[in-house]
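Here is the structure we will look at, set down as structure tokens.
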Amino acid sequence: MAKLFRAAIMGPPGSGKGTICKRIAQSFDLQYLSSGHYLRESIAANTEAGVLVRTYVERSMMVPDHVMTGLMLPRLEQLISQSWLLDGFPRTLSQARALNSLCQLDLVISLNIPYETLRERLSDRWVHAASGRVYNLGFNPPQVKGKDDVTGEALIQHDDDKPEALLSRLRYYKDVAKPVMDLYKSQGILHAVSGTETDKIWPYINSLLSAKMHIQPSGAFQTQTPP
């Protein structure tokens with residue numbers, strides 16, 4: 001029977017976590033779990049958690065740890081017998097410790113992207129608010145300028161994606177992420193990946209995952225065990 005494999009990706013705003021995650025999930029048959037998706041889903045469903053989340057999102061505030069763990073951990077408990085890849089959770093040390101109490105991660109990838117690259121990506125980034133679909137005017141533009149490809153609804157640019165807000169967002173990310181990365185580094189599961197283009201860092205990520213996992217002919221996979 002294939003062993004379970006759980007991984008997470010960390011990275012600053014604009015680092016391309018979602019793009020990398022989708023590629024990993026498809027290539028290695030991992031279930032892709034996006035905290036952003038769950039947040040939007042809970043808001044749309046108007047659940048008790050969603051109502052609480054909306055109060056923070058509407059004020060452009062970070063969702064507190066107890067709200068995030070209360071949203072994410074029950075969902076992960078439902079997937080306790082599956083392998084998956086996390087995007088956007090855990091963000092803080094408190095969230096990481098809460099996740100550790102449920103299960104142990106096998107791999108954490110930290111994306112290190114230069115500031116100038118992040119600035120260029122975010123200045124060109126437009127979002128469909130309801131679904132979270134992200135477009136980039138440089139390499140992934142919408143079919144119709146300013147419109148979502150699926151619904152035709154207007155795209156928006158978040159205020160915190162604008163250059164004047166980016167530096168403060170990056171400082172906040174570094175302050176919050178460092179203790180999380182230190183924790184995973186101490187566990188021997190943190191791997192940092194540096195670069196400016198997804199296609200250029202993908203071969204390293206692909207090799208890293210291949211070294212951690214063994215692909216069976218059927219498409220199933222298991223963690224490699226030492227000889």
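Residue numbers start at 1 in each chain; chains themselves are named A, B, ... in the order of the structure tokens; ligands are numbered from 1 in the order shown.
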DSSP helix (DSSP H, G or I) residues within chain A, listed as number ranges by chain: A: 17-28, 35-44, 48-57, 65-78, 93-102, 115-123, 159-161, 163-186, 198-212
Neighbouring residues of Thr151 (chain A) were defined as those with any atom within 12 Å, considering only C-alpha atoms; residues of the same chain fewer than 6 positions away were excluded. Please report them as an NGL selection string. :A and (128-131 or 133 or 142-144)
Given only C-alpha atoms as the counted atoms, nearest of A:Tyr135, A:Trp84, A:Tyr172, A:Phe89 to Phe5 (chain A): A:Trp84
Name the residues in contact with region 50-66 of chain A at a cut-off of 8 Å, using only C-alpha atoms, excluding same-chain residues fewer than 6 positions from it; report them as number ranges by chain. A: 39-44, 92, 94-95
In terms of the shortest atom-to-atom distance over only C-alpha atoms, which of A:Ser210, A:Asn140, A:Gln104, A:Ser81 is closest to Asp124 (chain A)?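 Nearest to Asp124 (chain A): A:Asn140.
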How far is it from CA of Ile9 (chain A) to CA of Cys21 (chain A), in Å with one decimal?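 Separation of CA of Ile9 (chain A) and CA of Cys21 (chain A): 7.4 Å.
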Interatomic distance, CA of Pro203 (chain A) to CA of Val108 (chain A) (Å, one decimal):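 Rounded to one decimal, the two atoms are 16.6 Å apart.
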How many Å separate CA of Thr19 (chain A) from CA of Lys178 (chain A)? 22.6 Å
Could you list, with a cut-off of 10 Å and counting only C-alpha atoms, the residues of region 89-167 of chain A near region 196-202 of chain A, each shown with its nearest atom pair and the distance in Å rounded to one decimal, rows sorted by chain and ascending number, as a tab-separated table?
residue	atom	partner	partner_atom	distance
A:Leu111	CA	A:Ile201	CA	9.4
A:Asn112	CA	A:Thr196	CA	8.6
A:Ile113	CA	A:Thr196	CA	5.9
A:Pro114	CA	A:Thr196	CA	6.8
A:Tyr115	CA	A:Thr196	CA	9.7
A:Glu116	CA	A:Thr196	CA	9.3
A:Thr117	CA	A:Thr196	CA	6.4
A:Leu118	CA	A:Thr196	CA	8.7
Select, from A:Met10, A:Leu93, A:Val67, A:Cys103, the residue with the minimum atom-to-atom distance to Asp182 (chain A), counting only C-alpha atoms. A:Leu93
Looking only at strand (DSSP E) from DSSP on the backbone, list the matching residues of region 1-203 of chain A as a PyMOL selection string. chain A and resi 6-10+31-34+84-87+107-112+125-127+134-136+190-194
File of the preceding selection, C-alpha atoms, as a compact mmCIF listing (two decimals), in the first residue's frame:
# COMPACT_ATOMS: atom_id res chain seq x y z
CA ARG A 6 2.06 15.58 2.77
CA ALA A 7 3.80 18.74 1.59
CA ALA A 8 3.40 22.52 1.79
CA ILE A 9 4.68 25.49 -0.18
CA MET A 10 5.65 28.83 1.35
CA GLN A 31 -4.48 16.68 -3.91
CA TYR A 32 -4.03 20.46 -4.07
CA LEU A 33 -5.41 22.25 -1.02
CA SER A 34 -5.54 26.05 -1.20
CA TRP A 84 -1.94 16.35 -0.36
CA LEU A 85 -0.13 19.61 -1.04
CA LEU A 86 -0.92 22.73 1.00
CA ASP A 87 -0.83 26.29 -0.35
CA LEU A 107 8.35 18.31 2.76
CA VAL A 108 8.10 22.11 2.85
CA ILE A 109 9.27 24.14 -0.15
CA SER A 110 10.11 27.81 0.39
CA LEU A 111 10.15 30.00 -2.73
CA ASN A 112 12.74 32.78 -2.69
CA ARG A 125 -1.77 40.95 -11.43
CA TRP A 126 -5.55 41.16 -11.71
CA VAL A 127 -7.99 38.93 -9.87
CA VAL A 134 -5.53 35.22 -11.09
CA TYR A 135 -4.41 36.82 -14.35
CA ASN A 136 -1.12 38.46 -15.23
CA LEU A 190 12.58 22.60 4.58
CA HIS A 191 13.98 23.11 1.08
CA ALA A 192 14.52 26.64 -0.29
CA VAL A 193 14.20 27.25 -4.04
CA SER A 194 15.44 30.49 -5.61
From the options A:Leu105, A:Met181, A:Leu167, A:Ala98, which residue's atoms come nearest to Leu122 (chain A), counting only C-alpha atoms? A:Leu167
I need the residue nearest Arg97 (chain A) from this list: A:Gly195, A:Tyr38, A:Gly152, A:Val180. Use only C-alpha atoms for the distance.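 Of A:Gly195, A:Tyr38, A:Gly152, A:Val180, the one nearest Arg97 (chain A), counting only C-alpha atoms, is A:Val180.
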In terms of the shortest atom-to-atom distance over only C-alpha atoms, which of A:Ser123, A:Thr47, A:Asn206, A:Ser15 is closest to Ile156 (chain A)? A:Ser123
